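One file, upload32.cif, carrying mmCIF, C-alpha atoms:
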data_run
loop_
_atom_site.label_atom_id
_atom_site.label_comp_id
_atom_site.auth_asym_id
_atom_site.auth_seq_id
_atom_site.Cartn_x
_atom_site.Cartn_y
_atom_site.Cartn_z
CA MET A 1 161.72 152.76 68.15
CA THR A 2 158.47 153.79 69.77
CA LEU A 3 157.00 151.85 72.66
CA SER A 4 153.61 152.38 74.24
CA ALA A 5 153.33 153.27 77.93
CA TRP A 6 152.87 149.52 78.63
CA GLY A 7 156.00 148.65 76.68
CA LEU A 8 158.00 151.34 78.48
CA GLU A 9 156.79 149.97 81.84
CA VAL A 10 158.05 146.50 80.90
CA ILE A 11 161.45 148.02 80.05
CA ARG A 12 161.53 149.99 83.32
CA LYS A 13 160.78 146.86 85.37
CA ALA A 14 163.34 144.87 83.36
CA GLU A 15 165.99 147.53 84.07
CA VAL A 16 165.33 147.25 87.81
CA ARG A 17 165.59 143.46 87.65
CA ASN A 18 168.69 143.62 85.45
CA GLU A 19 170.48 145.79 88.03
CA ARG A 20 170.10 142.87 90.42
CA TYR A 21 171.38 140.45 87.78
CA GLU A 22 174.48 142.60 87.32
CA LYS A 23 175.33 142.62 91.04
CA PHE A 24 174.41 139.09 91.94
CA PRO A 25 176.65 136.93 89.71
CA ASN A 26 179.74 139.05 90.35
CA ARG A 27 179.34 138.71 94.10
CA ILE A 28 178.74 134.96 93.93
CA LEU A 29 181.52 134.34 91.39
CA SER A 30 183.98 136.18 93.64
CA SER A 31 183.02 133.97 96.58
CA SER A 32 185.86 131.69 97.66
CA VAL A 33 183.28 129.04 98.56
CA VAL A 34 181.95 128.83 95.00
CA ASN A 35 185.41 129.06 93.48
CA SER A 36 186.67 126.22 95.65
CA ALA A 37 183.53 124.23 94.85
CA LYS A 38 184.22 124.14 91.12
CA ILE A 39 186.19 120.93 91.40
CA ARG A 40 183.59 119.14 93.55
CA PRO A 41 180.79 116.88 92.29
CA PHE A 42 177.79 118.79 90.98
CA PRO A 43 175.38 118.19 93.94
CA GLN A 44 178.06 119.44 96.35
CA MET A 45 178.64 122.50 94.19
CA GLU A 46 174.89 123.20 94.19
CA ALA A 47 174.82 122.93 97.99
CA GLU A 48 177.72 125.40 98.24
CA LEU A 49 175.96 127.68 95.79
CA LEU A 50 172.79 127.63 97.91
CA ARG A 51 174.80 128.53 101.00
CA CYS A 52 176.33 131.49 99.14
CA ILE A 53 172.94 132.62 97.87
CA VAL A 54 171.36 132.52 101.33
CA ALA A 55 174.29 134.53 102.71
CA PHE A 56 173.91 137.01 99.82
CA GLU A 57 170.17 137.42 100.45
CA VAL A 58 170.60 137.86 104.20
CA ALA A 59 173.32 140.49 103.67
CA ASN A 60 171.36 142.18 100.88
CA ASN A 61 168.22 142.50 103.04
CA ARG A 62 169.72 143.20 106.47
CA LYS A 63 168.27 146.72 106.50
CA ALA A 64 164.74 145.56 105.56
CA PRO A 65 163.02 145.27 108.95
CA ASN A 66 160.27 142.83 107.87
CA TRP A 67 162.34 140.65 105.54
CA THR A 68 162.55 136.96 106.42
CA LEU A 69 163.44 133.84 104.50
CA ALA A 70 159.99 132.39 105.21
CA GLU A 71 158.04 135.40 103.90
CA VAL A 72 159.90 136.34 100.70
CA GLY A 73 163.47 135.17 101.05
CA LEU A 74 163.07 131.56 99.94
CA ASN A 75 161.30 132.62 96.75
CA GLN A 76 164.19 134.98 96.05
CA VAL A 77 166.74 132.26 96.86
CA ASN A 78 164.96 129.99 94.37
CA ASP A 79 165.01 132.71 91.67
CA ASP A 80 168.67 133.45 92.43
CA PHE A 81 169.61 129.77 92.22
CA PHE A 82 168.10 129.36 88.76
CA LEU A 83 169.43 132.73 87.64
CA PHE A 84 172.96 131.83 88.68
CA ASN A 85 172.82 128.40 87.03
CA GLU A 86 171.61 130.02 83.81
CA TYR A 87 174.23 132.77 84.02
CA VAL A 88 177.07 130.32 84.56
CA GLY A 89 175.73 128.02 81.86
CA HIS A 90 175.68 130.81 79.31
CA HIS A 91 179.22 131.88 80.20
CA ARG A 92 180.62 128.40 79.79
CA ASN A 93 178.79 126.91 76.82
CA ASP A 94 179.79 126.71 73.18
CA TRP A 95 176.72 128.77 72.25
CA ILE A 96 178.72 131.90 73.08
CA GLU A 97 181.04 131.30 70.13
CA GLU A 98 178.08 130.72 67.80
CA PHE A 99 176.30 133.80 69.15
CA CYS A 100 179.37 135.96 68.55
CA GLU A 101 179.97 134.51 65.09
CA GLY A 102 176.38 135.26 64.12
CA TRP A 103 176.68 138.95 65.01
CA LYS A 104 180.28 139.65 63.99
CA GLU A 105 179.40 141.33 60.68
CA PHE A 106 176.97 143.72 62.35
CA ILE A 107 179.04 144.75 65.38
CA LEU A 108 182.74 144.61 64.55
CA GLU A 109 184.28 147.78 63.15
CA ASP A 110 186.17 147.48 59.85
CA ALA A 111 189.48 148.08 61.66
CA ASP A 112 188.70 145.26 64.09
CA LYS A 113 187.83 142.93 61.21
CA LEU A 114 191.12 143.73 59.49
CA ALA A 115 193.11 143.22 62.70
CA ILE A 116 191.43 139.88 63.36
CA ASP A 117 191.85 138.76 59.75
CA SER A 118 195.59 139.45 60.05
CA LEU A 119 195.88 136.88 62.86
CA PRO A 120 196.64 133.23 62.21
CA GLU A 121 193.44 131.39 61.31
CA THR A 122 193.55 129.32 64.51
CA GLU A 123 193.36 132.52 66.62
CA ARG A 124 190.66 134.41 64.72
CA LYS A 125 187.55 132.94 66.34
CA GLN A 126 188.96 133.44 69.83
CA ALA A 127 189.87 137.06 68.99
CA ARG A 128 186.35 137.73 67.65
CA VAL A 129 184.78 136.22 70.76
CA ALA A 130 187.07 138.29 73.00
CA LYS A 131 186.06 141.47 71.14
CA LEU A 132 182.31 140.72 70.91
CA LEU A 133 181.63 139.10 74.28
CA PRO A 134 181.74 142.33 76.33
CA VAL A 135 179.24 143.85 73.90
CA LEU A 136 176.84 140.93 73.50
CA LEU A 137 176.81 139.08 76.81
CA PRO A 138 175.25 141.90 78.90
CA LEU A 139 172.27 141.77 76.54
CA TRP A 140 171.48 138.21 77.58
CA PRO A 141 170.56 138.92 81.23
CA PHE A 142 168.60 141.98 80.09
CA PHE A 143 166.54 139.84 77.73
CA GLY A 144 166.10 137.42 80.63
CA SER A 145 164.88 140.35 82.72
CA ILE A 146 162.29 141.22 80.09
CA CYS A 147 161.10 137.61 79.99
CA HIS A 148 160.82 137.47 83.77
CA VAL A 149 158.83 140.73 83.90
CA LEU A 150 156.47 139.45 81.19
CA GLN A 151 155.83 136.27 83.21
CA GLU A 152 155.06 138.07 86.48
CA GLU A 153 151.76 139.65 85.39
CA GLU A 154 149.59 140.59 82.44
CA ASN A 155 151.17 143.08 80.06
CA PRO A 156 148.78 144.48 77.43
CA LEU A 157 151.38 145.16 74.73
CA THR A 158 150.81 146.51 71.26
CA PRO A 159 152.09 144.53 68.26
CA LYS A 160 154.94 147.05 67.87
CA ASP A 161 155.82 146.63 71.57
CA ALA A 162 156.03 142.87 71.04
CA TYR A 163 158.25 143.42 68.00
CA TRP A 164 160.66 145.84 69.70
CA LEU A 165 160.86 143.63 72.81
CA GLY A 166 161.92 140.72 70.60
CA LEU A 167 158.81 138.62 71.18
CA ILE A 168 157.77 138.45 67.52
CA ASP A 169 159.73 138.75 64.27
CA GLU A 170 157.45 140.99 62.23
CA VAL A 171 154.29 143.06 62.38
CA VAL A 172 151.99 142.68 59.40
CA GLY A 173 151.39 145.98 57.65
CA GLU A 174 154.43 147.69 59.21
CA SER A 175 157.71 148.35 57.42
CA LEU A 176 160.00 147.35 60.26
CA PRO A 177 163.38 145.65 59.69
CA THR A 178 163.11 141.86 59.83
CA ILE A 179 165.46 138.91 59.55
CA ARG A 180 163.39 137.67 56.63
CA THR A 181 163.94 140.99 54.79
CA LEU A 182 167.69 140.72 55.34
CA ALA A 183 167.74 137.09 54.16
CA GLU A 184 165.70 137.89 51.03
CA TRP A 185 167.59 141.08 50.14
CA GLN A 186 169.16 141.12 46.71
CA PRO A 187 171.51 143.90 45.59
CA ALA A 188 170.15 146.03 42.77
CA ASP A 189 171.85 145.52 39.42
CA ALA A 190 174.08 148.47 38.60
#
Transcribe the structure of this file into structure tokens.
Amino acid sequence: MTLSAWGLEVIRKAEVRNERYEKFPNRILSSSVVNSAKIRPFPQMEAELLRCIVAFEVANNRKAPNWTLAEVGLNQVNDDFFLFNEYVGHHRNDWIEEFCEGWKEFILEDADKLAIDSLPETERKQARVAKLLPVLLPLWPFFGSICHVLQEEENPLTPKDAYWLGLIDEVVGESLPTIRTLAEWQPADA
């Protein structure tokens, strides 16, 4: 994989943003306020979530002498609120099972496949998800980081940059691996 200087800059910015994504949900999820709010009606849970986010931002920026909610904090609270809702939504939706099932052949080791296949059929999907989730789920916020970076400003990317960042499926005239190539592949007759 070869990215241009512009593509590498997008990745660098996404890594910085992703570090925040990694810290933020864990801190909020461990909050007793949010945990106790899970049984409340949704608007009350959102209000509790906003209180946690404001507390997180104030604590996170206490050493920044010019930081205020009015100047930059409310924008960050807004981003955090939508980030957290998306993060929680992706951890609790059925799409996770489909996502894991779609990638199982590419990621699971042969030994893992055999061990899972030896389980009762009713336990196999859950075992695959348990094995694949720690590998696949961290990719989701990183892809979100890339998307956020791309929306913040202009990014003059090359076609190969767009391909390797997952923005397009193929580059005409390049022999890069594509989903279409995998779908159309036919084994050679022996």
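Once A:Val16 and its same-chain neighbours fewer than 2 positions away are set aside, A:Glu9, A:Val10, A:Ile11, A:Arg12, A:Lys13, A:Ala14, A:Asn18, A:Glu19, A:Arg20, A:Tyr21, A:Glu22, A:Lys23, A:Pro141, A:Phe142, A:Ser145, A:Ile146, A:His148, A:Val149 remain within 12 Å of it when counting all atoms listed in the file.
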May I have the residues from that selection written out with C-alpha atoms, as a CSV table (one decimal), in the frame of the given file?
chain,number,residue,atom,x,y,z
A,9,GLU,CA,156.8,150.0,81.8
A,10,VAL,CA,158.0,146.5,80.9
A,11,ILE,CA,161.4,148.0,80.0
A,12,ARG,CA,161.5,150.0,83.3
A,13,LYS,CA,160.8,146.9,85.4
A,14,ALA,CA,163.3,144.9,83.4
A,18,ASN,CA,168.7,143.6,85.4
A,19,GLU,CA,170.5,145.8,88.0
A,20,ARG,CA,170.1,142.9,90.4
A,21,TYR,CA,171.4,140.4,87.8
A,22,GLU,CA,174.5,142.6,87.3
A,23,LYS,CA,175.3,142.6,91.0
A,141,PRO,CA,170.6,138.9,81.2
A,142,PHE,CA,168.6,142.0,80.1
A,145,SER,CA,164.9,140.4,82.7
A,146,ILE,CA,162.3,141.2,80.1
A,148,HIS,CA,160.8,137.5,83.8
A,149,VAL,CA,158.8,140.7,83.9
>> I'd like to know which of A:Leu8, A:Ala183, A:Ala130, A:Leu83 is closest to A:Thr158, using all atoms listed in the file.
In response: A:Leu8
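If you look at atom CA of A:Glu123 and atom CA of A:Leu108, they are 16.2 Å away from each other.
Atom CA of A:Leu150 sits 11.0 Å away from atom CA of A:Trp6.
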> Separation of atom CA of A:Leu132 and atom CA of A:Cys100, in Å?
Replying inline: 6.1 Å
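Considering the residues A:Phe106, A:Trp164, A:Lys131, A:Asn66 and counting only C-alpha atoms, A:Thr178 has its shortest atom-to-atom contact with A:Trp164.
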>> Once the PyMOL selection byres ((chain A and resi 77) around 8) is applied to the coordinates I shared, what remains selected? I want it as number ranges by chain.
In response: A: 50, 53-54, 57, 73-76, 78-81
> For the file shown, what are the residues hit by the PyMOL selection byres ((chain A and resi 166) around 12), laid out as a list of chain:residue names?
Replying inline: A:Gly7, A:Ile11, A:Leu139, A:Phe142, A:Phe143, A:Gly144, A:Ile146, A:Cys147, A:Leu150, A:Pro159, A:Lys160, A:Asp161, A:Ala162, A:Tyr163, A:Trp164, A:Leu165, A:Leu167, A:Ile168, A:Asp169, A:Glu170, A:Val171, A:Thr178, A:Ile179
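Across A:Arg17, A:Trp185, A:Pro177, A:Ser118, the tightest approach to A:Glu152 is made by A:Arg17 when counting all atoms listed in the file.
Note on the selection: in this file the PyMOL selection byres ((chain A and resi 114-116) around 12) comes out as A:Lys104, A:Leu108, A:Glu109, A:Asp110, A:Ala111, A:Asp112, A:Lys113, A:Asp117, A:Ser118, A:Leu119, A:Pro120, A:Glu121, A:Thr122, A:Glu123, A:Arg124, A:Lys125, A:Gln126, A:Ala127, A:Arg128, A:Val129, A:Ala130, A:Lys131, A:Leu132.
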